[in-house]
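What follows is the content of upload_20.cif, which has mmCIF, C-alpha atoms:
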data_protein
#
loop_
_atom_site.label_atom_id
_atom_site.label_comp_id
_atom_site.auth_asym_id
_atom_site.auth_seq_id
_atom_site.Cartn_x
_atom_site.Cartn_y
_atom_site.Cartn_z
CA MET W 11 77.14 112.45 177.75
CA ILE W 12 77.14 115.19 180.38
CA ASP W 13 75.74 118.63 179.48
CA ALA W 14 76.99 121.04 182.15
CA ILE W 15 76.80 124.75 182.86
CA VAL W 16 80.32 125.91 183.68
CA ALA W 17 79.83 129.67 184.11
CA GLU W 18 77.14 132.34 183.94
CA HIS W 19 77.50 136.01 183.04
CA PRO W 20 74.57 138.35 183.73
CA GLY W 21 72.87 139.29 180.47
CA PHE W 22 74.38 136.40 178.49
CA ARG W 23 73.41 132.82 177.82
CA PRO W 24 74.94 130.31 180.27
CA LEU W 25 78.23 128.83 179.18
CA THR W 26 78.01 125.09 178.76
CA LEU W 27 80.08 122.13 177.72
CA ASP W 28 79.28 118.63 176.59
CA LEU W 29 81.46 115.88 178.03
CA PHE W 30 81.77 112.44 176.48
CA ARG W 31 83.70 109.63 178.15
CA PRO W 32 85.30 106.62 176.50
CA ALA W 33 84.46 103.04 177.31
CA GLY W 34 86.52 101.42 180.00
CA PRO W 35 87.72 102.43 183.44
CA GLY W 36 89.14 105.87 184.11
CA PRO W 37 90.68 108.15 184.84
CA SER W 38 90.85 109.15 181.19
CA PRO W 39 93.02 111.74 179.48
CA LEU W 40 90.98 114.60 178.04
CA VAL W 41 90.77 116.49 174.77
CA ILE W 42 89.02 119.85 174.97
CA TRP W 43 87.57 120.69 171.54
CA VAL W 44 87.06 124.35 170.54
CA HIS W 45 84.89 124.97 167.49
CA GLY W 46 85.55 127.51 164.77
CA GLY W 47 83.25 129.95 163.01
CA ALA W 48 85.11 133.28 162.77
CA TRP W 49 84.19 133.96 166.43
CA ARG W 50 80.76 134.85 165.01
CA PHE W 51 78.94 131.53 164.74
CA GLY W 52 79.39 127.81 165.26
CA SER W 53 78.30 125.33 167.88
CA ASN W 54 79.85 122.83 170.24
CA LYS W 55 77.04 120.42 169.38
CA HIS W 56 78.37 119.40 165.99
CA ASP W 57 81.23 119.99 163.57
CA GLY W 58 80.80 122.07 160.43
CA PRO W 59 80.04 120.39 157.10
CA GLN W 60 83.68 120.22 156.01
CA LEU W 61 84.84 118.44 159.17
CA ALA W 62 81.79 116.34 160.05
CA PRO W 63 82.56 113.46 157.64
CA ALA W 64 85.82 112.77 159.47
CA GLY W 65 84.04 111.79 162.69
CA ILE W 66 86.68 113.52 164.76
CA GLY W 67 84.85 113.24 168.07
CA HIS W 68 84.25 109.51 167.64
CA ARG W 69 87.89 108.97 166.77
CA ILE W 70 89.06 110.88 169.85
CA LEU W 71 86.85 108.71 172.07
CA ALA W 72 87.94 105.51 170.33
CA GLU W 73 91.54 106.45 171.10
CA GLY W 74 90.76 106.35 174.82
CA TYR W 75 90.31 110.08 175.45
CA ALA W 76 87.39 111.82 177.05
CA LEU W 77 86.09 114.69 174.92
CA ALA W 78 84.81 118.04 176.17
CA ARG W 79 83.14 120.34 173.64
CA VAL W 80 83.16 123.85 175.10
CA THR W 81 81.22 127.00 174.27
CA TYR W 82 82.21 130.64 174.31
CA ARG W 83 80.56 134.01 173.74
CA LEU W 84 80.61 135.03 170.09
CA SER W 85 81.85 138.42 168.91
CA GLY W 86 78.27 139.63 168.46
CA GLU W 87 77.78 139.05 172.18
CA ALA W 88 81.09 140.30 173.60
CA THR W 89 84.53 141.36 172.43
CA PHE W 90 87.87 139.78 173.32
CA PRO W 91 89.00 138.61 175.89
CA ALA W 92 85.52 137.24 176.69
CA GLN W 93 86.04 134.29 174.36
CA LEU W 94 89.31 133.27 176.01
CA ASP W 95 87.85 133.77 179.47
CA ASP W 96 84.98 131.46 178.56
CA VAL W 97 87.14 128.62 177.28
CA LYS W 98 89.29 128.92 180.38
CA ALA W 99 86.13 128.74 182.51
CA GLY W 100 85.50 125.37 180.90
CA VAL W 101 89.02 124.20 181.67
CA ARG W 102 88.67 125.30 185.30
CA TRP W 103 85.35 123.47 185.67
CA LEU W 104 86.80 120.30 184.21
CA ARG W 105 89.78 120.47 186.56
CA ARG W 106 87.62 121.13 189.63
CA ASN W 107 85.43 118.14 188.83
CA ALA W 108 88.06 115.83 187.32
CA ALA W 109 87.93 113.19 190.06
CA ASP W 110 84.14 112.90 189.97
CA LEU W 111 84.14 112.84 186.16
CA GLY W 112 86.81 110.16 185.84
CA LEU W 113 89.33 112.49 184.17
CA ASP W 114 93.09 112.42 184.54
CA GLU W 115 93.84 116.07 185.21
CA ARG W 116 97.55 115.47 184.54
CA ARG W 117 96.71 114.79 180.89
CA PHE W 118 94.52 117.60 179.58
CA ALA W 119 95.00 118.72 175.98
CA ILE W 120 93.17 121.22 173.78
CA TRP W 121 92.36 120.98 170.06
CA GLY W 122 90.82 123.81 168.08
CA GLU W 123 90.08 124.72 164.49
CA SER W 124 90.06 128.18 162.87
CA ALA W 125 88.73 130.67 165.46
CA GLY W 126 88.80 127.75 167.87
CA GLY W 127 92.42 127.15 166.92
CA HIS W 128 93.16 130.76 167.85
CA LEU W 129 91.54 130.27 171.26
CA ALA W 130 93.23 126.89 171.75
CA SER W 131 96.60 128.54 171.05
CA LEU W 132 95.89 131.19 173.66
CA VAL W 133 94.81 128.66 176.28
CA THR W 134 97.94 126.61 175.60
CA LEU W 135 100.23 129.63 175.85
CA THR W 136 98.65 131.38 178.85
CA GLY W 137 98.38 128.54 181.35
CA GLU W 138 100.35 130.13 184.16
CA ASP W 139 97.46 129.35 186.53
CA PRO W 140 97.48 125.55 187.01
CA ALA W 141 93.68 125.60 187.17
CA GLU W 142 93.60 126.73 183.53
CA ALA W 143 96.61 124.87 182.15
CA VAL W 144 96.74 122.20 179.47
CA ARG W 145 99.62 119.88 178.64
CA ALA W 146 99.44 120.15 174.84
CA GLY W 147 97.67 121.90 171.99
CA VAL W 148 96.66 120.83 168.49
CA ILE W 149 96.06 123.95 166.41
CA TRP W 150 94.31 123.68 163.07
CA TYR W 151 94.56 126.76 160.78
CA GLY W 152 94.16 129.30 163.58
CA PRO W 153 94.92 133.03 163.45
CA SER W 154 98.05 133.84 165.45
CA ASP W 155 98.76 137.52 164.75
CA LEU W 156 95.77 139.69 163.91
CA LEU W 157 98.00 142.54 162.80
CA THR W 158 99.76 140.58 160.03
CA MET W 159 96.83 138.64 158.56
CA ALA W 160 96.15 141.16 155.79
CA THR W 161 99.76 141.26 154.60
CA GLN W 162 99.91 137.45 154.57
CA ASN W 163 96.62 137.02 152.72
CA HIS W 164 96.35 134.41 149.99
CA PRO W 165 96.29 135.94 146.46
CA GLU W 166 92.67 134.79 146.28
CA GLY W 167 91.88 135.62 149.89
CA LEU W 168 88.18 135.88 150.64
CA GLN W 169 88.31 138.92 152.91
CA ASP W 170 90.22 142.02 153.93
CA HIS W 171 91.37 141.23 157.45
CA ASP W 172 91.96 144.91 158.22
CA SER W 173 88.40 145.88 157.25
CA PRO W 174 86.14 147.16 160.05
CA GLU W 175 83.77 144.35 159.12
CA SER W 176 86.34 141.54 159.23
CA PRO W 177 85.95 138.80 161.83
CA GLU W 178 89.18 139.95 163.46
CA SER W 179 87.99 143.55 163.75
CA ARG W 180 84.66 142.42 165.16
CA LEU W 181 86.52 140.32 167.70
CA VAL W 182 88.47 143.26 169.13
CA GLY W 183 85.71 145.85 168.71
CA GLY W 184 87.09 147.94 165.83
CA PRO W 185 89.52 147.95 162.88
CA VAL W 186 92.52 145.91 163.94
CA GLN W 187 95.12 148.40 162.70
CA GLU W 188 93.39 151.23 164.60
CA MET W 189 93.17 149.05 167.70
CA ALA W 190 96.69 147.68 167.58
CA LYS W 191 96.99 147.28 171.35
CA GLU W 192 93.79 145.24 171.55
CA ALA W 193 94.71 143.24 168.44
CA ALA W 194 98.13 142.40 169.87
CA ALA W 195 96.54 141.33 173.16
CA ALA W 196 94.35 138.92 171.17
CA SER W 197 97.28 137.47 169.21
CA PRO W 198 98.87 134.20 170.38
CA VAL W 199 102.33 135.15 169.06
CA HIS W 200 102.63 137.67 171.88
CA TYR W 201 102.39 134.95 174.55
CA VAL W 202 105.12 132.64 173.28
CA SER W 203 107.66 131.51 175.89
CA PRO W 204 110.27 128.75 176.23
CA ASP W 205 107.96 127.08 178.77
CA ALA W 206 105.09 126.65 176.32
CA PRO W 207 103.57 123.16 176.22
CA PRO W 208 104.07 121.10 173.06
CA MET W 209 102.02 122.31 170.10
CA LEU W 210 101.17 120.70 166.77
CA ILE W 211 100.27 123.41 164.24
CA VAL W 212 98.59 122.34 160.99
CA HIS W 213 97.54 124.55 158.07
CA GLY W 214 96.63 124.21 154.41
CA ASP W 215 98.96 126.08 152.07
CA GLN W 216 96.00 127.28 149.95
CA ASP W 217 93.92 128.61 152.84
CA ARG W 218 91.95 131.61 151.56
CA VAL W 219 90.37 132.46 154.93
CA VAL W 220 93.23 132.31 157.45
CA PRO W 221 96.61 132.72 155.71
CA ALA W 222 99.04 129.84 156.13
CA GLY W 223 101.60 132.46 157.14
CA GLN W 224 99.80 132.70 160.47
CA SER W 225 100.85 129.17 161.40
CA ARG W 226 104.34 129.67 160.04
CA GLU W 227 104.67 132.83 162.14
CA LEU W 228 103.54 131.12 165.34
CA TYR W 229 105.81 128.15 164.70
CA GLY W 230 108.74 130.47 164.03
CA ARG W 231 108.19 132.36 167.25
CA LEU W 232 107.95 129.16 169.26
CA THR W 233 111.04 127.50 167.83
CA ALA W 234 113.03 130.74 168.14
CA VAL W 235 112.72 130.53 171.94
CA GLY W 236 113.20 126.77 172.09
CA ALA W 237 109.59 125.82 172.77
CA PRO W 238 108.47 122.37 171.56
CA ALA W 239 106.44 122.85 168.39
CA GLU W 240 105.71 120.96 165.18
CA LEU W 241 104.43 122.48 161.94
CA ARG W 242 102.57 120.61 159.22
CA ILE W 243 101.72 122.51 156.04
CA VAL W 244 99.20 120.54 153.96
CA PRO W 245 99.77 120.94 150.20
CA GLY W 246 96.75 122.00 148.18
CA ALA W 247 94.44 122.38 151.19
CA ASP W 248 92.11 125.35 151.62
CA HIS W 249 90.42 126.37 154.87
CA CYS W 250 89.06 123.42 156.89
CA PHE W 251 91.49 121.31 154.82
CA VAL W 252 89.15 121.35 151.85
CA GLY W 253 91.01 119.56 149.07
CA ALA W 254 92.90 117.22 151.42
CA ASP W 255 92.14 113.91 153.09
CA LEU W 256 91.09 114.62 156.67
CA GLY W 257 91.65 111.09 157.92
CA PRO W 258 95.45 111.17 158.08
CA LEU W 259 95.40 114.65 159.63
CA VAL W 260 93.18 113.45 162.47
CA ARG W 261 95.50 110.46 162.89
CA GLU W 262 98.52 112.80 163.11
CA GLY W 263 96.79 114.83 165.79
CA LEU W 264 96.02 111.73 167.83
CA ASP W 265 99.53 110.37 167.40
CA PHE W 266 100.94 113.69 168.60
CA LEU W 267 98.75 113.65 171.70
CA ASN W 268 99.55 110.00 172.41
CA ARG W 269 103.23 110.86 172.25
CA VAL W 270 103.31 114.01 174.33
CA LEU W 271 100.77 112.81 176.89
CA SER W 272 102.26 109.29 177.03
CA VAL W 273 98.96 107.63 176.16
CA SER W 274 99.09 104.27 174.42
CA ALA W 275 97.41 104.23 171.02
CA GLY W 276 94.23 102.21 170.86
#
Please go through the file and, once you have read it, give me the structure as structure tokens.
Amino acid sequence: MIDAIVAEHPGFRPLTLDLFRPAGPGPSPLVIWVHGGAWRFGSNKHDGPQLAPAGIGHRILAEGYALARVTYRLSGEATFPAQLDDVKAGVRWLRRNAADLGLDERRFAIWGESAGGHLASLVTLTGEDPAEAVRAGVIWYGPSDLLTMATQNHPEGLQDHDSPESPESRLVGGPVQEMAKEAAAASPVHYVSPDAPPMLIVHGDQDRVVPAGQSRELYGRLTAVGAPAELRIVPGADHCFVGADLGPLVREGLDFLNRVLSVSAG
């Protein structure tokens, strides 16, 4: 495992990533993992309690991928776009050092969950600079349009997304409806284009934290312009896929990456 500092901002903690490499000769394709936590908490060091039993990192490595777990400033430290800038700093560092690290820079993918899914969507959709680009994105229950989250809320939704105290409002620095320009700039749906890399979007239909309509909206925008996208709605699953079997969902994500990156399953 390599623990590297990828960027430093005066007054903030250094941005780091942990890189794990699979057994066998390289260069290896890479999955960049972005953790969730409402942009307010979470760590790249371990998965949350709902995801940890699935051993996602171990399964990614066993499939022949390298795995980079990136960090980003939380909303208590800085408002958007700091979080996106930080994940992109990790991508740039990995690309600059790909040869020395045994990585195949032609086959970089990103995989994020919840707030990390939001950031993974943005990285996937805003890769005009080749130094920050990825070839594919796996998006698990990520916000895609901060301005429509409240209207799409589950009947038993756990929060008012338009509240000044909501995670989305804290991300942009004020109530999302009062800061519509900033909220739109932080919303992946506004970066959709026909040239978007392939995306697999997965969401539980009973998600009480991030409405499933967010994934349907992103998928609809992508397919409307002819971008390659797949949508998987998981029946009965709440946030973090609570109520569903995680194993097959991880397998679907790996199969998707194997297919779009032309990596043989292992």
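Once the PyMOL selection byres ((chain W and resi 88-90) around 7) is applied to the shown structure, the selection contains Arg83, Leu84, Ser85, Gly86, Glu87, Pro91, Ala92, Gln93, Leu181, Val182, Gly183 and Ala196 of chain W.
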If you keep C-alpha atoms, can you produce a file of those selected residues as a compact mmCIF listing (two decimals), keeping the file's coordinate frame?
# COMPACT_ATOMS: atom_id res chain seq x y z
CA ARG W 83 80.56 134.01 173.74
CA LEU W 84 80.61 135.03 170.09
CA SER W 85 81.85 138.42 168.91
CA GLY W 86 78.27 139.63 168.46
CA GLU W 87 77.78 139.05 172.18
CA PRO W 91 89.00 138.61 175.89
CA ALA W 92 85.52 137.24 176.69
CA GLN W 93 86.04 134.29 174.36
CA LEU W 181 86.52 140.32 167.70
CA VAL W 182 88.47 143.26 169.13
CA GLY W 183 85.71 145.85 168.71
CA ALA W 196 94.35 138.92 171.17
Open item on the list: Since I can't run it myself right now, could you work out what the PyMOL selection byres ((chain W and resi 147-149) around 7) selects here and report it as a VMD selection string?
Closed with: chain W and resid 119 to 123 127 130 to 131 134 146 150 to 152 208 to 212 263
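Residues matched by the PyMOL selection byres ((chain W and resi 141) around 8) in this file are Val101, Arg102, Arg105, Arg106, Asp139, Pro140, Glu142 and Ala143 of chain W.
Closest approach to W:Gln162 among W:Leu271, W:Leu232, W:Ala72, W:Val220 is made by W:Val220 (distances from only C-alpha atoms).
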List as JSON lines every residue of stretch 165-252 of chain W that is in contact with stretch 63-66 of chain W, defined as an atom at most 12 Å from one of its atoms (using only C-alpha atoms), together with the nearest atom pair and the distance in Å rounded to one decimal, sorted by chain and then rising number.
{"residue": "W:Cys250", "atom": "CA", "partner": "W:Ala64", "partner_atom": "CA", "distance": 11.4}
{"residue": "W:Phe251", "atom": "CA", "partner": "W:Ala64", "partner_atom": "CA", "distance": 11.3}
{"residue": "W:Val252", "atom": "CA", "partner": "W:Pro63", "partner_atom": "CA", "distance": 11.8}
Task: Distance in Å - atom CA of W:Leu61 versus atom CA of W:Ala48 - done: 15.3 Å
Task: W:Val16 environment, 12 Å, all atoms listed in the file, sequence neighbours closer than 2 positions dropped, as a PyMOL selection string - done: chain W and resi 12-14+18-19+23-29+78-82+95-107
